[in-house]
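Colleague: Coordinates in target-v2.cif, mmCIF, C-alpha atoms and all ligand atoms, are listed below.
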data_data
loop_
_atom_site.label_atom_id
_atom_site.label_comp_id
_atom_site.auth_asym_id
_atom_site.auth_seq_id
_atom_site.Cartn_x
_atom_site.Cartn_y
_atom_site.Cartn_z
CA MET A 645 0.00 0.00 0.00
CA ILE A 646 1.18 3.51 -0.75
CA GLU A 647 2.05 5.35 2.46
CA SER A 648 2.40 9.03 3.29
CA ALA A 649 5.55 10.72 4.55
CA VAL A 650 6.65 14.24 5.35
CA THR A 651 10.14 15.75 5.27
CA ILE A 652 11.98 17.08 8.30
CA ALA A 653 15.29 18.86 7.61
CA LEU A 654 17.62 19.48 10.54
CA VAL A 655 20.41 21.11 8.53
CA PRO A 656 20.65 24.89 9.16
CA GLN A 657 22.46 25.48 5.84
CA ILE A 658 19.40 24.35 3.85
CA LYS A 659 16.66 26.10 5.81
CA LYS A 660 15.41 27.78 2.66
CA GLY A 661 14.94 24.44 0.90
CA PRO A 662 11.81 22.47 -0.02
CA TRP A 663 11.23 20.81 3.33
CA ILE A 664 7.93 20.88 5.15
CA PHE A 665 9.44 20.90 8.64
CA TRP A 666 12.91 22.27 9.40
CA ASP A 667 12.97 23.11 13.03
CA ASP A 668 12.61 20.76 15.95
CA LEU A 669 12.64 16.97 15.48
CA GLU A 670 10.17 16.03 18.18
CA LYS A 671 7.76 18.92 17.52
CA SER A 672 7.74 18.03 13.82
CA MET A 673 7.14 14.35 14.52
CA GLN A 674 4.32 15.22 16.90
CA GLN A 675 2.68 17.39 14.23
CA ALA A 676 3.17 14.66 11.59
CA ALA A 677 1.47 12.18 13.91
CA VAL A 678 -1.44 14.52 14.74
CA LEU A 679 -2.10 15.00 11.01
CA GLY A 680 -1.98 11.25 10.40
CA PHE A 681 1.20 10.80 8.34
CA ASP A 682 2.59 7.28 8.23
CA ALA A 683 6.25 8.24 8.17
CA ILE A 684 8.92 10.93 8.17
CA GLU A 685 11.82 11.52 5.79
CA LEU A 686 14.88 12.96 7.50
CA PHE A 687 17.68 15.26 6.36
CA THR A 688 20.46 15.49 8.92
CA PRO A 689 24.00 16.95 8.77
CA ASP A 690 25.45 13.43 9.01
CA ALA A 691 24.65 9.89 10.10
CA GLY A 692 25.67 10.52 13.73
CA TYR A 693 23.43 13.56 14.27
CA ILE A 694 20.55 11.72 15.95
CA GLU A 695 21.11 9.03 18.57
CA PRO A 696 19.54 5.87 17.10
CA ASP A 697 17.90 5.05 20.45
CA ARG A 698 16.30 8.50 20.59
CA LEU A 699 14.91 8.16 17.07
CA LEU A 700 13.67 4.66 17.82
CA SER A 701 11.78 5.82 20.89
CA LEU A 702 10.32 8.89 19.11
CA LEU A 703 9.17 6.76 16.16
CA SER A 704 7.50 4.36 18.53
CA GLN A 705 5.99 7.14 20.70
CA TYR A 706 4.41 8.83 17.65
CA ASP A 707 3.68 5.63 15.72
CA LEU A 708 5.67 6.76 12.69
CA SER A 709 8.20 4.96 10.55
CA LEU A 710 11.29 6.27 8.80
CA ALA A 711 10.59 6.48 5.06
CA ALA A 712 14.11 7.46 3.97
CA ALA A 713 17.18 9.48 4.90
CA GLY A 714 18.49 12.21 2.59
CA THR A 715 22.21 12.64 2.04
CA GLY A 716 22.23 16.18 0.58
CA ALA A 717 24.14 17.54 3.58
CA GLY A 718 27.15 15.59 2.32
CA LYS A 719 27.38 18.15 -0.46
CA VAL A 720 25.90 21.25 1.17
CA VAL A 721 27.72 20.97 4.51
CA HIS A 722 30.77 18.86 3.71
CA GLY A 723 31.41 19.62 0.01
CA LEU A 724 31.34 15.96 -1.07
CA THR A 725 30.04 14.49 -4.33
CA LEU A 726 30.41 11.12 -6.07
CA THR A 727 31.80 12.86 -9.16
CA ASP A 728 34.40 15.21 -7.68
CA PRO A 729 37.63 15.12 -9.74
CA ASP A 730 39.54 14.51 -6.48
CA GLU A 731 39.60 10.77 -5.75
CA GLY A 732 39.87 11.37 -1.99
CA ILE A 733 36.70 13.45 -2.01
CA ARG A 734 34.87 10.79 -4.03
CA GLU A 735 35.93 8.21 -1.43
CA GLU A 736 34.73 10.46 1.40
CA ALA A 737 31.41 10.87 -0.44
CA VAL A 738 30.99 7.08 -0.63
CA ALA A 739 31.88 6.79 3.06
CA PHE A 740 29.40 9.54 4.02
CA ILE A 741 26.57 7.87 2.10
CA SER A 742 27.55 4.42 3.43
CA ASN A 743 27.22 5.69 7.01
CA MET A 744 23.84 7.20 6.21
CA MET A 745 22.71 3.92 4.61
CA THR A 746 23.81 1.94 7.67
CA PHE A 747 21.90 4.36 9.93
CA SER A 748 18.71 4.33 7.86
CA ALA A 749 18.83 0.57 7.22
CA SER A 750 18.67 -0.01 10.98
CA PHE A 751 15.20 1.59 10.75
CA GLY A 752 14.28 -0.39 7.63
CA ALA A 753 14.70 2.66 5.41
CA PRO A 754 16.88 3.46 2.38
CA ALA A 755 19.13 6.48 1.84
CA ILE A 756 18.61 8.88 -1.07
CA ILE A 757 21.30 10.18 -3.41
CA GLY A 758 20.20 13.53 -4.80
CA SER A 759 22.62 16.43 -4.90
CA MET A 760 25.55 14.21 -3.86
CA GLN A 761 25.68 12.88 -7.41
CA GLY A 762 27.33 16.19 -8.41
CA ASN A 763 27.80 17.73 -11.85
CA ILE A 764 29.97 17.78 -14.95
CA THR A 765 31.76 21.10 -14.58
CA PRO A 766 33.39 22.95 -17.52
CA GLY A 767 36.58 21.26 -18.71
CA MET A 768 35.66 17.85 -17.30
CA ASP A 769 35.40 14.79 -19.54
CA SER A 770 31.73 13.81 -19.33
CA GLN A 771 32.40 10.10 -19.97
CA GLN A 772 34.91 10.06 -17.13
CA VAL A 773 32.41 11.76 -14.80
CA MET A 774 29.69 9.22 -15.64
CA LYS A 775 32.23 6.46 -14.94
CA TRP A 776 32.95 7.95 -11.51
CA LEU A 777 29.21 8.13 -10.84
CA ALA A 778 28.82 4.46 -11.83
CA GLU A 779 31.81 3.42 -9.68
CA GLY A 780 30.46 5.21 -6.61
CA LEU A 781 26.94 3.89 -7.08
CA LYS A 782 28.25 0.36 -7.65
CA GLN A 783 29.90 0.31 -4.21
CA LEU A 784 26.76 1.73 -2.58
CA ASP A 785 24.48 -0.65 -4.50
CA GLN A 786 26.52 -3.58 -3.16
CA LEU A 787 26.34 -2.21 0.38
CA ALA A 788 22.56 -1.87 0.01
CA GLY A 789 22.43 -5.59 -0.80
CA GLU A 790 24.54 -6.43 2.25
CA LEU A 791 22.32 -4.28 4.48
CA GLY A 792 19.16 -5.79 3.02
CA THR A 793 17.97 -2.41 1.81
CA GLN A 794 17.81 -0.42 -1.40
CA LEU A 795 19.66 2.62 -2.63
CA ILE A 796 17.49 5.43 -3.95
CA TYR A 797 18.91 7.49 -6.82
CA GLU A 798 17.16 10.73 -7.70
CA PRO A 799 17.25 12.28 -11.19
CA LEU A 800 17.26 16.06 -10.62
CA ASN A 801 16.23 18.84 -12.97
CA ARG A 802 18.73 20.53 -15.30
CA TYR A 803 19.26 23.49 -12.96
CA GLU A 804 20.62 21.17 -10.27
CA THR A 805 22.59 18.58 -12.25
CA ASN A 806 23.67 17.88 -15.81
CA LEU A 807 24.28 14.15 -15.18
CA ILE A 808 20.85 12.48 -15.54
CA ASN A 809 17.58 14.43 -15.66
CA THR A 810 14.85 11.96 -16.64
CA ILE A 811 13.55 8.71 -15.21
CA SER A 812 14.10 6.81 -18.47
CA ASP A 813 17.73 7.97 -18.77
CA ALA A 814 18.24 6.88 -15.17
CA VAL A 815 16.73 3.45 -15.91
CA SER A 816 19.15 3.01 -18.84
CA PHE A 817 22.04 3.99 -16.56
CA LEU A 818 21.00 1.50 -13.83
CA GLN A 819 20.65 -1.28 -16.38
CA ALA A 820 23.94 -0.52 -18.17
CA ASN A 821 25.77 -0.60 -14.85
CA GLU A 822 23.86 -3.54 -13.33
CA LEU A 823 22.79 -1.59 -10.27
CA SER A 824 20.30 -4.19 -9.08
CA GLN A 825 19.67 -2.77 -5.58
CA THR A 826 19.12 0.79 -6.78
CA ARG A 827 15.66 2.24 -7.33
CA LEU A 828 14.70 5.67 -8.58
CA LEU A 829 13.14 8.61 -6.87
CA ALA A 830 10.31 10.14 -8.86
CA ASP A 831 10.35 13.75 -7.64
CA LEU A 832 7.25 15.32 -9.17
CA PHE A 833 8.82 18.79 -9.14
CA HIS A 834 11.92 17.72 -11.09
CA MET A 835 9.75 15.61 -13.40
CA ASN A 836 7.48 18.59 -14.08
CA ILE A 837 10.51 20.36 -15.56
CA GLU A 838 12.10 17.43 -17.40
CA GLU A 839 9.55 14.83 -18.48
CA ILE A 840 7.39 14.94 -21.62
CA ASN A 841 4.55 13.38 -19.61
CA ILE A 842 4.95 12.65 -15.90
CA ALA A 843 2.25 9.96 -15.67
CA GLU A 844 3.51 8.13 -18.79
CA SER A 845 7.07 8.19 -17.51
CA ILE A 846 5.97 6.67 -14.19
CA LYS A 847 3.79 4.09 -15.95
CA ASN A 848 6.62 3.01 -18.27
CA ASN A 849 9.18 2.68 -15.49
CA ILE A 850 7.13 1.60 -12.47
CA PRO A 851 9.31 -1.40 -11.40
CA HIS A 852 12.27 0.97 -11.04
CA ILE A 853 10.52 3.53 -8.85
CA GLY A 854 11.33 3.17 -5.15
CA HIS A 855 10.30 6.52 -3.67
CA VAL A 856 8.21 9.54 -4.65
CA HIS A 857 8.69 13.19 -3.73
CA PHE A 858 5.26 14.78 -3.61
CA ALA A 859 5.23 18.42 -4.73
CA ASP A 860 3.29 20.60 -7.11
CA SER A 861 4.54 22.35 -10.29
CA ASN A 862 6.03 25.27 -8.33
CA ARG A 863 7.32 23.02 -5.53
CA ASN A 864 4.54 24.10 -3.21
CA PRO A 865 2.54 21.39 -1.43
CA VAL A 866 0.33 19.45 -3.85
CA GLY A 867 -2.80 21.50 -4.53
CA PHE A 868 -0.96 24.83 -4.40
CA GLY A 869 0.32 24.63 -7.99
CA HIS A 870 -0.98 23.49 -11.38
CA THR A 871 0.23 19.91 -11.82
CA ASP A 872 -2.60 17.54 -12.78
CA LEU A 873 -2.13 14.92 -10.07
CA LYS A 874 -4.94 12.58 -11.09
CA PRO A 875 -3.16 10.70 -13.93
CA ILE A 876 0.08 10.64 -11.90
CA ALA A 877 -1.64 9.09 -8.87
CA ALA A 878 -3.40 6.63 -11.19
CA ALA A 879 -0.07 5.62 -12.77
CA LEU A 880 1.36 4.88 -9.32
CA THR A 881 -1.71 3.11 -7.97
CA ASP A 882 -2.53 1.10 -11.12
CA GLY A 883 1.14 0.20 -11.56
CA GLY A 884 1.22 -1.35 -8.09
CA TYR A 885 3.67 1.11 -6.55
CA ASP A 886 3.77 0.38 -2.83
CA GLY A 887 6.39 2.78 -1.46
CA PHE A 888 6.16 6.19 0.15
CA VAL A 889 4.74 9.37 -1.29
CA SER A 890 6.78 11.89 0.67
CA ALA A 891 6.11 15.61 0.82
CA GLU A 892 9.26 17.40 -0.26
CA ALA A 893 7.83 20.84 -0.89
CA PHE A 894 8.23 24.40 0.34
CA PRO A 895 6.74 25.05 3.76
CA TRP A 896 4.26 27.42 2.14
CA PRO A 897 2.43 29.31 3.51
CA THR A 898 3.70 27.82 6.80
CA SER A 899 5.05 24.42 7.79
CA ASP A 900 1.84 23.42 9.55
CA GLU A 901 -0.41 24.55 6.69
CA ALA A 902 1.86 22.87 4.12
CA ALA A 903 1.71 19.62 6.08
CA ALA A 904 -2.07 19.84 6.44
CA GLN A 905 -2.51 20.55 2.70
CA THR A 906 -0.22 17.65 1.86
CA ILE A 907 -2.12 15.09 3.89
CA ARG A 908 -5.41 16.38 2.43
CA ALA A 909 -4.01 15.91 -1.08
CA PHE A 910 -2.54 12.50 -0.20
CA ARG A 911 -5.95 11.30 1.02
CA GLU A 912 -7.70 12.72 -2.02
CA TYR A 913 -5.45 10.88 -4.48
CA PHE A 914 -4.34 7.74 -2.63
CA ARG A 915 -7.17 6.78 -0.24
C1 LIG B 1 16.37 16.36 -3.04
O1 LIG B 1 15.44 15.34 -2.84
C2 LIG B 1 15.96 17.24 -4.14
O2 LIG B 1 14.94 17.04 -4.75
C3 LIG B 1 16.80 18.37 -4.47
O3 LIG B 1 16.17 19.18 -5.40
C4 LIG B 1 17.16 19.20 -3.29
O4 LIG B 1 18.05 20.15 -3.71
MN MN B 2 13.56 15.47 -4.28
#
Output the file's structure in the form of structure tokens.
Modeller:
Amino acid sequence: MIESAVTIALVPQIKKGPWIFWDDLEKSMQQAAVLGFDAIELFTPDAGYIEPDRLLSLLSQYDLSLAAAGTGAGKVVHGLTLTDPDEGIREEAVAFISNMMTFSASFGAPAIIGSMQGNITPGMDSQQVMKWLAEGLKQLDQLAGELGTQLIYEPLNRYETNLINTISDAVSFLQANELSQTRLLADLFHMNIEEINIAESIKNNIPHIGHVHFADSNRNPVGFGHTDLKPIAAALTDGGYDGFVSAEAFPWPTSDEAAAQTIRAFREYFR
């Protein structure tokens, strides 16, 4: 069954980002529980930021699960990407993500690779960069298998990366590199910019989709933009998607109102 999740970012450097909650962990979890979300998606500065025992007891107290852990702080806070020309930095990026995967796997959740994939910067050989991306993901894909979890790779829009922008290009990349434990993140905001047809793209690639970021055309909570959600929700439901639909959207007009709008929209389309 498709379940609802809401993002909580605890990284001061990305306070202006598309996260519904970005302040206090427990207060955010309490609000998520009151509204009836099934799960939370966490962005933390690193894997050691929250004591596992504390998270375990909060999840149980508020009857929530962990949907996924984001790794974006690896880039934003620590300057790491999987495609940095410096081999040492690429190794640190793999280590950072590995630690996050180990943390999230202990809660039955995968880690997400979004901005940590990096970019081809001017003067770099694009084939070499794609090779570095494949090498990094291969190690993490193997670790996911050992941890009994999946790795979630997120195609981003062209203003955030020039590596892979569409779901179908990402599927080709996973297949070419035999990344069997890696699934894709269908972020409806990025897809709104890059895909010819969001619903068709989901329908055609459903077995590869492991997580969904739920946002409207302008990255506001669903319902506060102009994306036609009906065919997209139908593509997920009819295709048998049974992962999380997680609100990664601006906290507009406020965090609480964005969360309330999101759960209303989730119920409208998925219940
Ligand atoms: C992360 O999930 C994402 O979608 C990025 O756009 C954040 O910068
Ligand atoms: Mn996203």
Colleague: Quick one: pull the distance between CA of Val866 in chain A and CA of Leu699 in chain A, Å, one decimal.
Modeller: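 Computing it gives 27.9 Å between the two atoms.
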Colleague: Give the padded box for ligand LIG 1 (chain B) as lines of an AutoDock Vina configuration file: axis-aligned, covering all atoms listed in the file, 5 Å on each side, centre and edge lengths in Å to one decimal.
Modeller:
center_x = 16.5
center_y = 17.7
center_z = -4.1
size_x = 13.1
size_y = 14.8
size_z = 12.6
Colleague: If we count all atoms listed in the file and set the cut-off at 10 Å, which residues sit around range 854-865 of chain A, ignoring sequence neighbours fewer than 6 positions away in its own chain? Please answer as a ChimeraX atom specification.
Modeller: /A:648-651,662-664,711-712,754,756,794-798,826-837,871-873,880,885-897,901-907,909-910
Colleague: Report the distance between CA of Ser672 in chain A and CA of Ile652 in chain A in Å, rounded to one decimal place.
Modeller: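 Rounded to one decimal, the two atoms are 7.0 Å apart.
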Colleague: Near Val773 in chain A, counting all atoms listed in the file, which residues have an atom at most 9 Å away, once you skip same-chain residues fewer than 6 positions from it, shown as a ChimeraX atom specification?
Modeller: /A:726-729,763-764,807
Colleague: One decimal, Å: what's the distance from CA of Asn841 in chain A over to CA of Ala755 in chain A, could you say?
Modeller: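 For CA of Asn841 in chain A relative to CA of Ala755 in chain A, the distance reads 26.8 Å.
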Colleague: With a distance cut-off of 8 Å and all atoms listed in the file, select the neighbouring residues of Ala713 in chain A, excluding the residue or stretch itself and same-chain residues fewer than 3 positions from it, and output the selection as a compact mmCIF listing (two decimals) with C-alpha atoms, keeping the file's coordinate frame.
Modeller:
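Once everything was written out, this is around-v7.txt:
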# COMPACT_ATOMS: atom_id res chain seq x y z
CA GLU A 685 11.82 11.52 5.79
CA LEU A 686 14.88 12.96 7.50
CA PHE A 687 17.68 15.26 6.36
CA THR A 688 20.46 15.49 8.92
CA LEU A 710 11.29 6.27 8.80
CA MET A 744 23.84 7.20 6.21
CA MET A 745 22.71 3.92 4.61
CA SER A 748 18.71 4.33 7.86
CA ALA A 753 14.70 2.66 5.41
CA PRO A 754 16.88 3.46 2.38
CA ALA A 755 19.13 6.48 1.84
CA ILE A 756 18.61 8.88 -1.07
Colleague: Pick the closest to ligand MN 2 (chain B) from A:Ile853, A:Ile840, A:Ile808, A:Ile757: which is it, counting all atoms listed in the file?
Modeller: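 Checking each candidate against ligand MN 2 (chain B), we get A:Ile757 as the closest.
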Colleague: From the set A:Ala653, A:Ile846, A:Ala677, A:Ile733, which residue has the shortest atom-to-atom contact distance to ligand LIG 1 (chain B), counting only C-alpha atoms and all ligand atoms?
Modeller: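 Looking at the shortest contact to ligand LIG 1 (chain B), the residue is A:Ala653.
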Colleague: Using all atoms listed in the file, which of A:Ile850, A:Leu800, A:Ile658, A:Ala814 sits nearest ligand MN 2 (chain B)?
Modeller: A:Leu800
Colleague: Can you pull out every residue within 7 Å of Glu838 in chain A, counting all atoms listed in the file, but drop anything in the same chain fewer than 6 positions away, and send it as number ranges by chain?
Modeller: A: 801, 809-810
Colleague: Pick out the closest residue to ligand LIG 1 (chain B) from this set: A:Gly752, A:Gly718, A:Gly692, A:Gly792. Count all atoms listed in the file.
Modeller: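 Nearest to ligand LIG 1 (chain B): A:Gly718.
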Colleague: Would you please work out which residue, of A:Asp682, A:Glu779, A:Glu804, A:Glu790, is nearest to ligand LIG 1 (chain B) when using all atoms listed in the file?
Modeller: A:Glu804
Colleague: Identify which of the residues A:Ile684, A:Ala717, A:Leu669, A:Ile876 lies closest to ligand LIG 1 (chain B), counting all atoms listed in the file when measuring atom-to-atom distances.
Modeller: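 Among the listed residues, A:Ala717 lies closest to ligand LIG 1 (chain B).
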Colleague: Just the residues within 12 Å of Glu735 in chain A, please, counting all atoms listed in the file, with nothing from its chain fewer than 5 positions along; format it as a list in words.
Modeller: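 Using all atoms listed in the file, the neighbours found are Leu724, Thr725, Leu726, Thr727, Asp728, Pro729, Asp730, Phe740, Ile741, Ser742, Trp776, Leu777, Glu779, Gly780, Leu781, Gln783 and Leu784 of chain A.
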